[in-house]
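Structure data (mmCIF, C-alpha atoms) from work_3.cif:
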data_run
#
loop_
_atom_site.label_atom_id
_atom_site.label_comp_id
_atom_site.auth_asym_id
_atom_site.auth_seq_id
_atom_site.Cartn_x
_atom_site.Cartn_y
_atom_site.Cartn_z
CA MET A 1 -7.43 17.12 -15.58
CA ALA A 2 -8.53 13.49 -15.40
CA LEU A 3 -5.38 12.52 -13.47
CA ALA A 4 -5.81 15.51 -11.16
CA ARG A 5 -9.39 14.58 -10.33
CA ALA A 6 -8.62 10.88 -9.88
CA GLY A 7 -5.48 11.62 -7.91
CA LEU A 8 -7.28 14.04 -5.60
CA ALA A 9 -10.04 11.50 -5.08
CA GLY A 10 -7.45 8.89 -4.18
CA ILE A 11 -5.72 11.28 -1.80
CA ALA A 12 -9.04 12.23 -0.18
CA GLY A 13 -9.78 8.57 0.43
CA ALA A 14 -6.24 8.11 1.70
CA ALA A 15 -6.68 11.01 4.13
CA VAL A 16 -9.89 9.53 5.55
CA SER A 17 -8.27 6.09 5.79
CA ALA A 18 -5.15 7.47 7.48
CA LEU A 19 -7.22 9.37 10.03
CA ALA A 20 -9.41 6.35 10.76
CA GLN A 21 -6.43 4.01 11.12
CA PHE A 22 -4.83 6.52 13.46
CA LEU A 23 -8.02 6.62 15.52
CA VAL A 24 -8.04 2.83 15.75
CA VAL A 25 -4.56 2.93 17.27
CA VAL A 26 -5.54 5.75 19.64
CA VAL A 27 -8.68 3.95 20.81
CA VAL A 28 -6.82 0.69 21.41
CA THR A 29 -3.78 2.22 23.13
CA ARG A 30 -5.95 4.39 25.40
CA SER A 31 -8.23 1.51 26.35
CA ALA A 32 -5.96 -1.54 26.52
CA PRO A 33 -2.77 -2.27 28.48
CA LEU A 34 0.51 -1.81 26.60
CA GLU A 35 1.16 -5.54 26.10
CA GLN A 36 -2.42 -6.34 25.04
CA ALA A 37 -2.34 -3.51 22.51
CA GLY A 38 1.00 -4.77 21.17
CA SER A 39 -0.37 -8.30 20.77
CA PHE A 40 -3.41 -6.99 18.84
CA PHE A 41 -1.27 -4.84 16.53
CA THR A 42 1.09 -7.75 15.89
CA ALA A 43 -1.82 -10.04 14.95
CA ILE A 44 -3.20 -7.44 12.54
CA ALA A 45 0.24 -6.97 10.97
CA LEU A 46 0.58 -10.71 10.46
CA ALA A 47 -2.90 -11.01 8.90
CA LEU A 48 -2.22 -8.12 6.52
CA MET A 49 1.16 -9.56 5.64
CA VAL A 50 -0.32 -12.98 4.82
CA ALA A 51 -3.10 -11.41 2.74
CA GLY A 52 -0.51 -9.36 0.86
CA VAL A 53 1.42 -12.50 0.01
CA ALA A 54 -1.70 -14.45 -1.00
CA ARG A 55 -2.81 -11.72 -3.42
CA LEU A 56 0.05 -12.75 -5.72
CA ASP A 57 -0.12 -9.18 -7.05
CA ALA A 58 -2.98 -10.37 -9.27
CA GLY A 59 -4.68 -6.98 -8.95
CA ASN A 60 -1.85 -5.13 -10.66
CA GLY A 61 -1.80 -7.79 -13.36
CA LEU A 62 -5.48 -7.13 -13.98
CA ILE A 63 -4.92 -3.37 -14.14
CA PHE A 64 -2.22 -3.92 -16.76
CA PHE A 65 -4.38 -6.08 -19.04
CA ILE A 66 -7.66 -4.21 -18.56
CA ALA A 67 -6.02 -0.83 -19.25
CA ARG A 68 -4.45 -2.18 -22.44
CA SER A 69 -7.69 -3.82 -23.63
CA ARG A 70 -9.67 -0.61 -23.84
CA THR A 71 -9.02 -0.28 -27.57
CA TYR A 72 -10.85 -3.53 -28.34
CA GLY A 73 -13.79 -3.20 -25.96
CA TYR A 74 -12.31 -5.14 -23.02
CA ARG A 75 -12.84 -8.42 -24.87
CA GLY A 76 -11.91 -11.46 -22.78
CA MET A 77 -11.37 -9.51 -19.56
CA SER A 78 -13.86 -11.57 -17.56
CA GLY A 79 -11.56 -14.52 -18.18
CA TYR A 80 -8.61 -12.55 -16.87
CA LEU A 81 -10.57 -11.77 -13.71
CA GLN A 82 -11.28 -15.47 -13.22
CA ALA A 83 -7.63 -16.35 -13.84
CA ALA A 84 -6.58 -13.77 -11.24
CA LEU A 85 -9.11 -14.66 -8.55
CA VAL A 86 -8.99 -18.44 -8.42
CA PRO A 87 -5.33 -19.10 -7.49
CA SER A 88 -5.12 -16.09 -5.17
CA VAL A 89 -8.25 -16.94 -3.19
CA LEU A 90 -7.30 -20.63 -3.01
CA LEU A 91 -3.90 -19.70 -1.58
CA ALA A 92 -5.61 -17.38 0.89
CA VAL A 93 -7.93 -20.17 2.01
CA VAL A 94 -4.98 -22.50 2.61
CA ALA A 95 -3.18 -19.78 4.58
CA SER A 96 -6.35 -19.14 6.58
CA ILE A 97 -6.62 -22.79 7.58
CA VAL A 98 -2.95 -22.97 8.58
CA LEU A 99 -3.04 -19.73 10.60
CA GLU A 100 -6.42 -20.21 12.28
CA PRO A 101 -4.90 -21.61 15.52
CA LEU A 102 -2.61 -18.57 15.74
CA LEU A 103 -4.86 -15.75 14.51
CA GLY A 104 -8.36 -17.03 15.16
CA VAL A 105 -11.05 -14.98 13.42
CA LEU A 106 -8.43 -12.79 11.72
CA ALA A 107 -7.33 -15.85 9.73
CA LEU A 108 -10.88 -16.29 8.42
CA ALA A 109 -10.78 -12.73 7.06
CA VAL A 110 -7.72 -13.32 4.85
CA PRO A 111 -9.57 -14.79 1.79
CA VAL A 112 -12.13 -11.97 1.98
CA MET A 113 -9.35 -9.37 2.09
CA VAL A 114 -7.65 -10.92 -0.94
CA ALA A 115 -10.81 -11.16 -3.06
CA ALA A 116 -11.84 -7.58 -2.22
CA ASP A 117 -8.41 -6.22 -3.15
CA ILE A 118 -8.41 -7.96 -6.54
CA LEU A 119 -11.94 -6.82 -7.46
CA LEU A 120 -11.17 -3.22 -6.51
CA ALA A 121 -7.99 -3.34 -8.59
CA ALA A 122 -10.04 -4.52 -11.57
CA THR A 123 -12.28 -1.44 -11.29
CA ARG A 124 -9.18 0.78 -11.41
CA GLY A 125 -8.15 -0.92 -14.62
CA PHE A 126 -11.17 0.81 -16.18
CA GLY A 127 -9.75 4.12 -15.00
CA VAL A 128 -12.36 4.46 -12.23
CA MET A 129 -11.29 5.52 -8.73
CA ARG A 130 -14.66 5.93 -7.01
CA PRO A 131 -15.12 2.32 -5.79
CA THR A 132 -11.62 2.21 -4.31
CA VAL A 133 -12.04 5.56 -2.59
CA LEU A 134 -15.54 4.79 -1.33
CA TYR A 135 -15.10 1.23 -0.13
CA ASP A 136 -11.41 0.86 0.73
CA GLY A 137 -10.64 4.48 1.58
CA VAL A 138 -13.76 5.44 3.53
CA LEU A 139 -16.12 2.56 4.38
CA LEU A 140 -13.48 0.08 5.58
CA PRO A 141 -11.51 2.28 8.01
CA VAL A 142 -14.53 4.18 9.33
CA ALA A 143 -16.38 0.93 10.03
CA GLN A 144 -13.27 -0.45 11.73
CA VAL A 145 -13.04 2.57 14.04
CA ALA A 146 -16.70 2.26 15.01
CA LEU A 147 -16.65 -1.51 15.56
CA VAL A 148 -13.32 -1.51 17.42
CA GLY A 149 -14.73 1.13 19.76
CA VAL A 150 -17.81 -1.02 20.39
CA ALA A 151 -15.63 -4.10 20.93
CA LEU A 152 -13.54 -2.36 23.56
CA TRP A 153 -16.71 -1.36 25.36
CA VAL A 154 -18.19 -4.88 25.17
CA GLY A 155 -14.95 -6.78 25.76
CA ALA A 156 -11.44 -6.81 24.27
CA ALA A 157 -11.92 -10.41 23.09
CA TRP A 158 -14.11 -9.03 20.29
CA LEU A 159 -11.36 -6.77 18.89
CA PRO A 160 -10.17 -9.11 16.06
CA ALA A 161 -13.73 -9.75 14.81
CA ALA A 162 -14.55 -6.02 14.94
CA TRP A 163 -11.49 -5.16 12.88
CA ALA A 164 -12.06 -7.94 10.31
CA LEU A 165 -15.84 -7.73 9.70
CA PRO A 166 -15.83 -4.57 7.50
CA TYR A 167 -13.84 -6.41 4.81
CA THR A 168 -17.03 -8.30 3.90
CA LEU A 169 -18.70 -4.97 3.11
CA VAL A 170 -15.77 -3.96 0.91
CA LEU A 171 -15.97 -7.25 -0.99
CA ALA A 172 -19.69 -6.84 -1.64
CA GLY A 173 -19.28 -3.24 -2.78
CA ALA A 174 -16.37 -4.07 -5.08
CA ALA A 175 -18.33 -6.91 -6.71
CA LEU A 176 -21.28 -4.61 -7.38
CA ALA A 177 -19.03 -1.86 -8.78
CA LEU A 178 -17.34 -4.27 -11.17
CA ARG A 179 -20.51 -6.00 -12.32
CA GLY A 180 -21.66 -3.11 -14.51
CA ARG A 181 -18.26 -2.46 -16.07
CA LEU A 182 -16.84 -5.86 -17.00
CA PRO A 183 -18.45 -7.38 -20.09
CA TYR A 184 -18.84 -11.15 -19.83
CA THR A 185 -17.16 -13.06 -22.65
CA PRO A 186 -16.20 -16.74 -22.99
CA TYR A 187 -12.89 -17.74 -21.46
CA LEU A 188 -10.23 -17.42 -24.15
CA PRO A 189 -7.47 -20.06 -24.34
CA GLY A 190 -4.14 -18.75 -23.04
CA THR A 191 -5.72 -16.10 -20.81
CA GLY A 192 -4.30 -17.49 -17.58
CA ARG A 193 -0.89 -18.04 -19.17
CA ASP A 194 -0.76 -14.44 -20.40
CA LEU A 195 -1.83 -13.02 -17.05
CA TRP A 196 0.61 -15.01 -14.96
CA ARG A 197 3.50 -14.66 -17.39
CA TYR A 198 3.30 -10.93 -16.74
CA THR A 199 2.28 -11.17 -13.09
CA ALA A 200 4.55 -13.98 -11.85
CA PRO A 201 7.63 -11.81 -11.24
CA ARG A 202 5.38 -9.23 -9.59
CA SER A 203 3.70 -11.93 -7.50
CA LEU A 204 6.92 -12.61 -5.67
CA ALA A 205 7.65 -8.88 -5.58
CA GLY A 206 4.18 -8.22 -4.17
CA ALA A 207 4.75 -10.86 -1.52
CA VAL A 208 8.09 -9.31 -0.59
CA GLN A 209 6.48 -5.86 -0.50
CA ALA A 210 3.72 -7.11 1.81
CA ILE A 211 6.31 -8.66 4.10
CA PHE A 212 8.47 -5.52 3.94
CA GLN A 213 5.55 -3.32 5.03
CA ARG A 214 4.59 -5.37 8.09
CA LEU A 215 7.53 -7.53 9.12
CA ASP A 216 9.04 -4.85 11.34
CA ILE A 217 6.13 -5.02 13.81
CA VAL A 218 6.31 -8.81 13.96
CA ILE A 219 10.10 -8.78 14.48
CA VAL A 220 9.78 -6.17 17.24
CA ALA A 221 7.19 -8.34 18.98
CA VAL A 222 9.40 -11.45 18.70
CA LEU A 223 12.69 -9.82 19.72
CA GLY A 224 11.49 -7.02 21.97
CA GLY A 225 8.10 -8.18 23.25
CA PRO A 226 4.50 -6.92 22.82
CA ALA A 227 5.14 -3.69 24.75
CA GLN A 228 7.89 -2.62 22.33
CA ALA A 229 5.60 -3.59 19.43
CA ALA A 230 2.92 -1.27 20.83
CA LEU A 231 5.40 1.63 21.14
CA TYR A 232 6.69 1.04 17.62
CA THR A 233 3.20 0.79 16.11
CA ALA A 234 2.04 3.99 17.75
CA ALA A 235 5.11 6.02 16.80
CA THR A 236 5.14 4.81 13.20
CA ARG A 237 1.38 5.06 12.69
CA PHE A 238 1.92 8.26 10.77
CA LYS A 239 3.87 6.51 8.03
CA VAL A 240 0.50 5.45 6.68
CA VAL A 241 -0.02 9.08 5.61
CA GLY A 242 2.83 8.88 3.11
CA GLN A 243 1.98 5.33 2.05
CA LEU A 244 -1.67 6.14 1.42
CA ALA A 245 -0.96 9.43 -0.36
CA ASN A 246 1.47 7.58 -2.62
CA GLN A 247 -1.10 4.82 -3.09
CA GLY A 248 -3.86 7.29 -3.94
CA LEU A 249 -1.78 8.97 -6.66
CA ALA A 250 -0.37 5.67 -7.92
CA GLN A 251 -3.81 4.12 -8.32
CA ALA A 252 -4.87 7.06 -10.47
CA ALA A 253 -1.69 7.31 -12.54
CA GLN A 254 -0.80 3.62 -13.05
CA PRO A 255 -3.13 2.89 -16.00
CA ARG A 256 -2.00 6.09 -17.74
CA LEU A 257 1.66 5.27 -17.17
CA ILE A 258 1.16 1.79 -18.64
CA GLN A 259 -0.52 3.23 -21.72
CA ALA A 260 2.17 5.90 -22.20
CA LEU A 261 5.10 3.51 -21.77
CA ALA A 262 3.46 0.83 -23.94
CA ALA A 263 3.21 3.42 -26.71
CA GLY A 264 6.82 4.51 -26.19
CA ASP A 265 5.68 7.98 -25.15
CA LEU A 266 8.48 8.90 -22.75
CA VAL A 267 7.47 12.56 -22.80
CA ARG A 268 4.06 11.72 -21.40
CA ALA A 269 5.52 9.23 -18.91
CA ARG A 270 8.01 11.85 -17.70
CA GLU A 271 5.22 14.39 -17.23
CA LEU A 272 3.12 11.93 -15.21
CA TYR A 273 6.07 10.92 -13.02
CA GLN A 274 7.20 14.45 -12.26
CA THR A 275 3.67 15.72 -11.70
CA THR A 276 2.82 13.01 -9.16
CA THR A 277 6.17 13.49 -7.40
CA VAL A 278 5.66 17.19 -6.82
CA TRP A 279 2.16 16.48 -5.49
CA LEU A 280 3.57 13.91 -3.10
CA VAL A 281 6.16 16.36 -1.79
CA LEU A 282 3.71 19.23 -1.43
CA LEU A 283 1.15 17.08 0.36
CA THR A 284 3.38 15.07 2.68
CA TRP A 285 6.48 17.08 3.58
CA PRO A 286 4.54 19.52 5.80
CA VAL A 287 3.11 16.50 7.60
CA TRP A 288 6.54 14.97 8.25
CA LEU A 289 8.11 18.24 9.34
CA GLY A 290 5.16 18.95 11.61
CA TYR A 291 5.23 15.45 13.08
CA ALA A 292 8.94 15.71 13.91
CA LEU A 293 8.33 19.02 15.68
CA VAL A 294 5.25 18.10 17.72
CA ALA A 295 6.01 14.42 18.36
CA PRO A 296 6.82 14.96 22.09
CA TRP A 297 3.25 16.15 22.66
CA LEU A 298 1.43 14.24 19.92
CA LEU A 299 2.62 10.80 21.02
CA GLU A 300 1.08 11.32 24.45
CA ILE A 301 -2.31 11.04 22.73
CA PHE A 302 -1.71 7.29 22.84
CA GLY A 303 -0.89 7.41 26.54
CA MET A 304 1.84 8.83 28.76
CA GLU A 305 4.06 5.76 28.33
CA TYR A 306 4.24 6.37 24.57
CA GLY A 307 6.11 9.67 24.97
CA SER A 308 9.42 7.79 24.99
CA ALA A 309 9.01 7.00 21.26
CA VAL A 310 10.00 10.50 20.04
CA PRO A 311 13.30 9.34 18.42
CA ILE A 312 11.29 6.83 16.36
CA ALA A 313 9.08 9.67 15.11
CA ILE A 314 12.13 11.66 13.99
CA VAL A 315 13.59 8.68 12.10
CA LEU A 316 10.20 8.11 10.46
CA SER A 317 9.83 11.73 9.36
CA ALA A 318 13.30 11.99 7.81
CA THR A 319 12.93 8.67 6.00
CA MET A 320 9.52 9.46 4.53
CA MET A 321 10.73 12.81 3.24
CA ILE A 322 13.50 11.02 1.33
CA ALA A 323 11.08 8.38 0.04
CA THR A 324 8.45 10.82 -1.21
CA ALA A 325 11.12 12.91 -2.96
CA CYS A 326 11.79 9.85 -5.13
CA GLY A 327 8.15 9.75 -6.22
CA MET A 328 6.19 6.58 -7.00
CA VAL A 329 9.38 5.19 -8.42
CA ASP A 330 8.58 1.48 -8.20
CA VAL A 331 5.20 1.98 -9.89
CA VAL A 332 6.96 3.66 -12.82
CA LEU A 333 9.56 0.90 -12.99
CA THR A 334 6.93 -1.85 -13.17
CA ALA A 335 4.77 0.13 -15.60
CA ALA A 336 7.82 0.17 -17.86
CA GLY A 337 7.85 -3.63 -17.72
CA HIS A 338 10.88 -4.06 -15.44
CA THR A 339 9.14 -6.39 -13.01
CA THR A 340 12.21 -8.54 -12.40
CA SER A 341 14.30 -5.52 -11.45
CA SER A 342 11.56 -4.43 -9.08
CA LEU A 343 11.64 -7.84 -7.44
CA VAL A 344 15.41 -7.76 -6.99
CA ASN A 345 15.19 -4.27 -5.49
CA LEU A 346 12.58 -5.40 -2.97
CA LEU A 347 14.60 -8.46 -1.99
CA VAL A 348 17.67 -6.32 -1.38
CA ALA A 349 15.64 -3.82 0.66
CA LEU A 350 14.05 -6.59 2.72
CA GLY A 351 17.46 -8.13 3.35
CA VAL A 352 18.81 -4.80 4.56
CA THR A 353 15.82 -4.35 6.87
CA VAL A 354 16.02 -7.80 8.42
CA LEU A 355 19.78 -7.57 8.90
CA LEU A 356 19.56 -4.19 10.61
CA ASP A 357 16.62 -5.35 12.72
CA LEU A 358 18.49 -8.41 13.97
CA VAL A 359 21.47 -6.25 14.90
CA LEU A 360 19.64 -3.25 16.39
CA ILE A 361 16.40 -4.45 18.00
CA PRO A 362 17.96 -6.54 20.82
CA SER A 363 19.86 -3.50 22.09
CA HIS A 364 17.65 -0.59 21.00
CA GLY A 365 14.15 -2.10 20.93
CA ALA A 366 11.57 -0.17 18.90
CA LEU A 367 14.13 2.47 17.85
CA GLY A 368 16.30 -0.28 16.36
CA ALA A 369 13.30 -1.47 14.34
CA ALA A 370 12.73 2.06 13.07
CA LEU A 371 16.36 2.35 11.95
CA GLY A 372 16.14 -1.04 10.23
CA TRP A 373 12.95 -0.05 8.44
CA SER A 374 14.54 3.27 7.43
CA GLY A 375 17.55 1.56 5.86
CA GLY A 376 15.28 -0.73 3.85
CA VAL A 377 13.03 2.10 2.64
CA ILE A 378 15.97 4.19 1.44
CA VAL A 379 17.41 1.24 -0.51
CA LYS A 380 13.95 0.41 -1.90
CA ASN A 381 13.63 3.89 -3.37
CA LEU A 382 17.16 4.72 -4.48
CA LEU A 383 17.73 1.52 -6.46
CA PRO A 384 14.76 1.95 -8.87
CA LEU A 385 15.45 5.68 -9.05
CA TRP A 386 18.90 4.94 -10.46
CA GLN A 387 17.54 2.25 -12.80
CA LEU A 388 14.87 4.53 -14.30
CA HIS A 389 17.44 7.23 -14.91
CA GLN A 390 19.85 4.80 -16.59
CA ARG A 391 17.27 3.02 -18.78
CA HIS A 392 14.74 5.70 -19.66
CA GLY A 393 16.16 9.03 -18.56
CA LEU A 394 13.25 9.47 -16.15
CA ARG A 395 13.74 11.63 -13.06
CA PRO A 396 11.29 12.63 -10.29
CA PHE A 397 11.96 16.35 -10.80
CA GLY A 398 12.35 18.35 -13.97
CA ARG A 399 10.63 20.94 -16.11
CA HIS A 400 7.14 19.61 -15.31
CA THR A 401 7.82 20.23 -11.62
CA LEU A 402 7.95 23.95 -12.30
CA ARG A 403 4.88 24.04 -14.56
CA PRO A 404 1.76 24.29 -12.38
CA ARG A 405 -0.52 23.92 -15.43
CA SER A 406 0.80 20.41 -16.02
CA TRP A 407 -0.37 19.42 -12.52
CA ALA A 408 -3.99 19.89 -13.57
CA THR A 409 -3.80 18.62 -17.15
CA ALA A 410 -1.78 15.45 -16.51
#
Structure rendered as structure tokens:
Amino acid sequence: MALARAGLAGIAGAAVSALAQFLVVVVVTRSAPLEQAGSFFTAIALALMVAGVARLDAGNGLIFFIARSRTYGYRGMSGYLQAALVPSVLLAVVASIVLEPLLGVLALAVPVMVAADILLAATRGFGVMRPTVLYDGVLLPVAQVALVGVALWVGAAWLPAAWALPYTLVLAGAALALRGRLPYTPYLPGTGRDLWRYTAPRSLAGAVQAIFQRLDIVIVAVLGGPAQAALYTAATRFKVVGQLANQGLAQAAQPRLIQALAAGDLVRARELYQTTTVWLVLLTWPVWLGYALVAPWLLEIFGMEYGSAVPIAIVLSATMMIATACGMVDVVLTAAGHTTSSLVNLLVALGVTVLLDLVLIPSHGALGAALGWSGGVIVKNLLPLWQLHQRHGLRPFGRHTLRPRSWATA
């Protein structure tokens, strides 16, 4: 029941966030010329990509250690938070300084984005989803919609500041949420070494994942121009539904998976994996099927010129159905301690994406980018799926898929 409640809370936040992010794209595409919209979306993608790299995946490292420390009263966890924050924020500051001439005010937001993400991750290590849902899932995207709308009314030059400002609210909220949960203890020798010994392989993997998620928009802008980037962003905006639903369930299940796999409880791990997979399929497949069917009309919400992106919508729908059928496979792989394998999988997937993009975008524009992204996503999911089956006998579907009671009690 705890997983069900936490998972549903995460999904609810994901639904609000997905809707708000969709509205941001609608507002911008309806109010700004195609090329200006593409330039704005490309800048946002680059800022998010840089922040994802600068995080060094420290948040997931914190979740791992905080979840495991419950049995001894979270002793020393304040030191782990310090060890996670300092190098990540420093890297973000350096990146902000370097990118300021290119991104302007968006570059200044990168350290804030990194710090907020790490603090929210720490709250999830305590098994609490409310701060993440409230601040990252609701407050951030809703505030962005409101401020972006105001910026377009005042003047498009204010768009980057309007999109970036709400991250300061998320940072403040996350700090307050963590303050009452994390007991302060003296810094214990070896804390940083322990954290980064576990996190280092995931740091590179997290960087690759951040690049993988956003690089397609940047490549489209470079090879095809801002107008193609705008078409691609609008048509693929719905992929955030699957990503956020997966994220909402993963955030709830990750600490439990770590505990089960650390105890060698494969039965429990299998139940968690299969339960979250069936929820993903039930929640997202109707969305993808519906999107593929109504794309010719739905895409015109962004403007008449966006109706030509229907083939991209079909590629997106088919790919996300395959991906969600694999479940949160990479989360399970890393929870089992196979961080190096996860890194290799991501590097292979990124390589496939870039190669296909370079071949297909010059001749097919935004559709070529969608096909390149699709190839990378399929590789990114099938590789860890095979590895989990070989090493632990874990599969996304099984007897727990057909037991509705396990969906509520997991």
* To do: Would you list the contacts of A:Val94 as a VMD selection string, taking every protein, DNA or RNA residue within 10 Å and counting only C-alpha atoms, but skipping same-chain residues closer than 5 positions in sequence?
  => chain A and resid 54 89 99 110 to 111
Residues of stretch 355-397 of chain A that have any atom at most 8 Å from an atom of stretch 224-238 of chain A: could you tabulate them with the shortest-distance atom pair and the distance in Å to one decimal, using only C-alpha atoms, ordered by chain and increasing number, as JSON lines?
{"residue": "A:Ile361", "atom": "CA", "partner": "A:Gly224", "partner_atom": "CA", "distance": 6.8}
{"residue": "A:Pro362", "atom": "CA", "partner": "A:Gly224", "partner_atom": "CA", "distance": 6.6}
{"residue": "A:Gly365", "atom": "CA", "partner": "A:Gly224", "partner_atom": "CA", "distance": 5.7}
{"residue": "A:Ala366", "atom": "CA", "partner": "A:Tyr232", "partner_atom": "CA", "distance": 5.2}
{"residue": "A:Leu367", "atom": "CA", "partner": "A:Tyr232", "partner_atom": "CA", "distance": 7.6}
{"residue": "A:Ala369", "atom": "CA", "partner": "A:Tyr232", "partner_atom": "CA", "distance": 7.8}
{"residue": "A:Ala370", "atom": "CA", "partner": "A:Tyr232", "partner_atom": "CA", "distance": 7.6}
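In this comparison, which uses only C-alpha atoms, the residue of A:Val329, A:Val354, A:Val310, A:Ala205 approaching A:Leu298 most closely is A:Val310.
Each of A:Met321, A:Cys326, A:Leu333, A:Leu316 was compared to A:Gly372 using all atoms listed in the file, and A:Leu316 turns out to be the nearest.
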* If you count all atoms listed in the file, which residues fall within 12 Å of stretch 300-302 of chain A, apart from same-chain ones fewer than 3 positions away, as a ChimeraX atom specification? -> /A:22-34,37,230-235,237,294-297,305-310
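Atom pair atom CA of A:Tyr80 / atom CA of A:Met328: separated by 26.1 Å.
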* **Residues selected by the PyMOL selection byres ((chain A and resi 58) around 10), written as a ChimeraX atom specification** => /A:54-57,59-64,80-81,83-85,87-88,114,117-119,121-122,195-196,198-200,202-203,206
Filtering to C-alpha atoms, could you give me those residues as a compact mmCIF listing (two decimals), keeping the file's coordinate frame?
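The resulting file, part.txt, is reproduced below:
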# COMPACT_ATOMS: atom_id res chain seq x y z
CA ALA A 54 -1.70 -14.45 -1.00
CA ARG A 55 -2.81 -11.72 -3.42
CA LEU A 56 0.05 -12.75 -5.72
CA ASP A 57 -0.12 -9.18 -7.05
CA GLY A 59 -4.68 -6.98 -8.95
CA ASN A 60 -1.85 -5.13 -10.66
CA GLY A 61 -1.80 -7.79 -13.36
CA LEU A 62 -5.48 -7.13 -13.98
CA ILE A 63 -4.92 -3.37 -14.14
CA PHE A 64 -2.22 -3.92 -16.76
CA TYR A 80 -8.61 -12.55 -16.87
CA LEU A 81 -10.57 -11.77 -13.71
CA ALA A 83 -7.63 -16.35 -13.84
CA ALA A 84 -6.58 -13.77 -11.24
CA LEU A 85 -9.11 -14.66 -8.55
CA PRO A 87 -5.33 -19.10 -7.49
CA SER A 88 -5.12 -16.09 -5.17
CA VAL A 114 -7.65 -10.92 -0.94
CA ASP A 117 -8.41 -6.22 -3.15
CA ILE A 118 -8.41 -7.96 -6.54
CA LEU A 119 -11.94 -6.82 -7.46
CA ALA A 121 -7.99 -3.34 -8.59
CA ALA A 122 -10.04 -4.52 -11.57
CA LEU A 195 -1.83 -13.02 -17.05
CA TRP A 196 0.61 -15.01 -14.96
CA TYR A 198 3.30 -10.93 -16.74
CA THR A 199 2.28 -11.17 -13.09
CA ALA A 200 4.55 -13.98 -11.85
CA ARG A 202 5.38 -9.23 -9.59
CA SER A 203 3.70 -11.93 -7.50
CA GLY A 206 4.18 -8.22 -4.17
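Nearest-residue note for A:Tyr167: choosing from A:Phe40, A:Tyr135, A:Tyr273, A:Phe397, the minimum distance belongs to A:Tyr135, counting only C-alpha atoms.
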* Run the PyMOL selection byres ((chain A and resi 347) around 12) against the file shown and list the residues it catches, as a list of chain:residue names. => A:Arg202, A:Leu204, A:Ala205, A:Gly206, A:Ala207, A:Val208, A:Gln209, A:Ala210, A:Ile211, A:Phe212, A:Thr340, A:Ser341, A:Ser342, A:Leu343, A:Val344, A:Asn345, A:Leu346, A:Val348, A:Ala349, A:Leu350, A:Gly351, A:Val352, A:Thr353, A:Val354, A:Gly376, A:Val377, A:Val379, A:Lys380, A:Leu383
May I have the residues from that selection written out with C-alpha atoms, as a PDB file, in the frame of the given file?
ATOM      1  CA  ARG A 202       5.380  -9.230  -9.590  1.00  0.00           C
ATOM      2  CA  LEU A 204       6.920 -12.610  -5.670  1.00  0.00           C
ATOM      3  CA  ALA A 205       7.650  -8.880  -5.580  1.00  0.00           C
ATOM      4  CA  GLY A 206       4.180  -8.220  -4.170  1.00  0.00           C
ATOM      5  CA  ALA A 207       4.750 -10.860  -1.520  1.00  0.00           C
ATOM      6  CA  VAL A 208       8.090  -9.310  -0.590  1.00  0.00           C
ATOM      7  CA  GLN A 209       6.480  -5.860  -0.500  1.00  0.00           C
ATOM      8  CA  ALA A 210       3.720  -7.110   1.810  1.00  0.00           C
ATOM      9  CA  ILE A 211       6.310  -8.660   4.100  1.00  0.00           C
ATOM     10  CA  PHE A 212       8.470  -5.520   3.940  1.00  0.00           C
ATOM     11  CA  THR A 340      12.210  -8.540 -12.400  1.00  0.00           C
ATOM     12  CA  SER A 341      14.300  -5.520 -11.450  1.00  0.00           C
ATOM     13  CA  SER A 342      11.560  -4.430  -9.080  1.00  0.00           C
ATOM     14  CA  LEU A 343      11.640  -7.840  -7.440  1.00  0.00           C
ATOM     15  CA  VAL A 344      15.410  -7.760  -6.990  1.00  0.00           C
ATOM     16  CA  ASN A 345      15.190  -4.270  -5.490  1.00  0.00           C
ATOM     17  CA  LEU A 346      12.580  -5.400  -2.970  1.00  0.00           C
ATOM     18  CA  VAL A 348      17.670  -6.320  -1.380  1.00  0.00           C
ATOM     19  CA  ALA A 349      15.640  -3.820   0.660  1.00  0.00           C
ATOM     20  CA  LEU A 350      14.050  -6.590   2.720  1.00  0.00           C
ATOM     21  CA  GLY A 351      17.460  -8.130   3.350  1.00  0.00           C
ATOM     22  CA  VAL A 352      18.810  -4.800   4.560  1.00  0.00           C
ATOM     23  CA  THR A 353      15.820  -4.350   6.870  1.00  0.00           C
ATOM     24  CA  VAL A 354      16.020  -7.800   8.420  1.00  0.00           C
ATOM     25  CA  GLY A 376      15.280  -0.730   3.850  1.00  0.00           C
ATOM     26  CA  VAL A 377      13.030   2.100   2.640  1.00  0.00           C
ATOM     27  CA  VAL A 379      17.410   1.240  -0.510  1.00  0.00           C
ATOM     28  CA  LYS A 380      13.950   0.410  -1.900  1.00  0.00           C
ATOM     29  CA  LEU A 383      17.730   1.520  -6.460  1.00  0.00           C
TER      30      LEU A 383
END
* To do: Starting from the shown file, work through the PyMOL selection byres ((chain A and resi 141) around 9) and note down what comes out as a ChimeraX atom specification.
  => /A:16-21,24,135-140,142-146,163,166
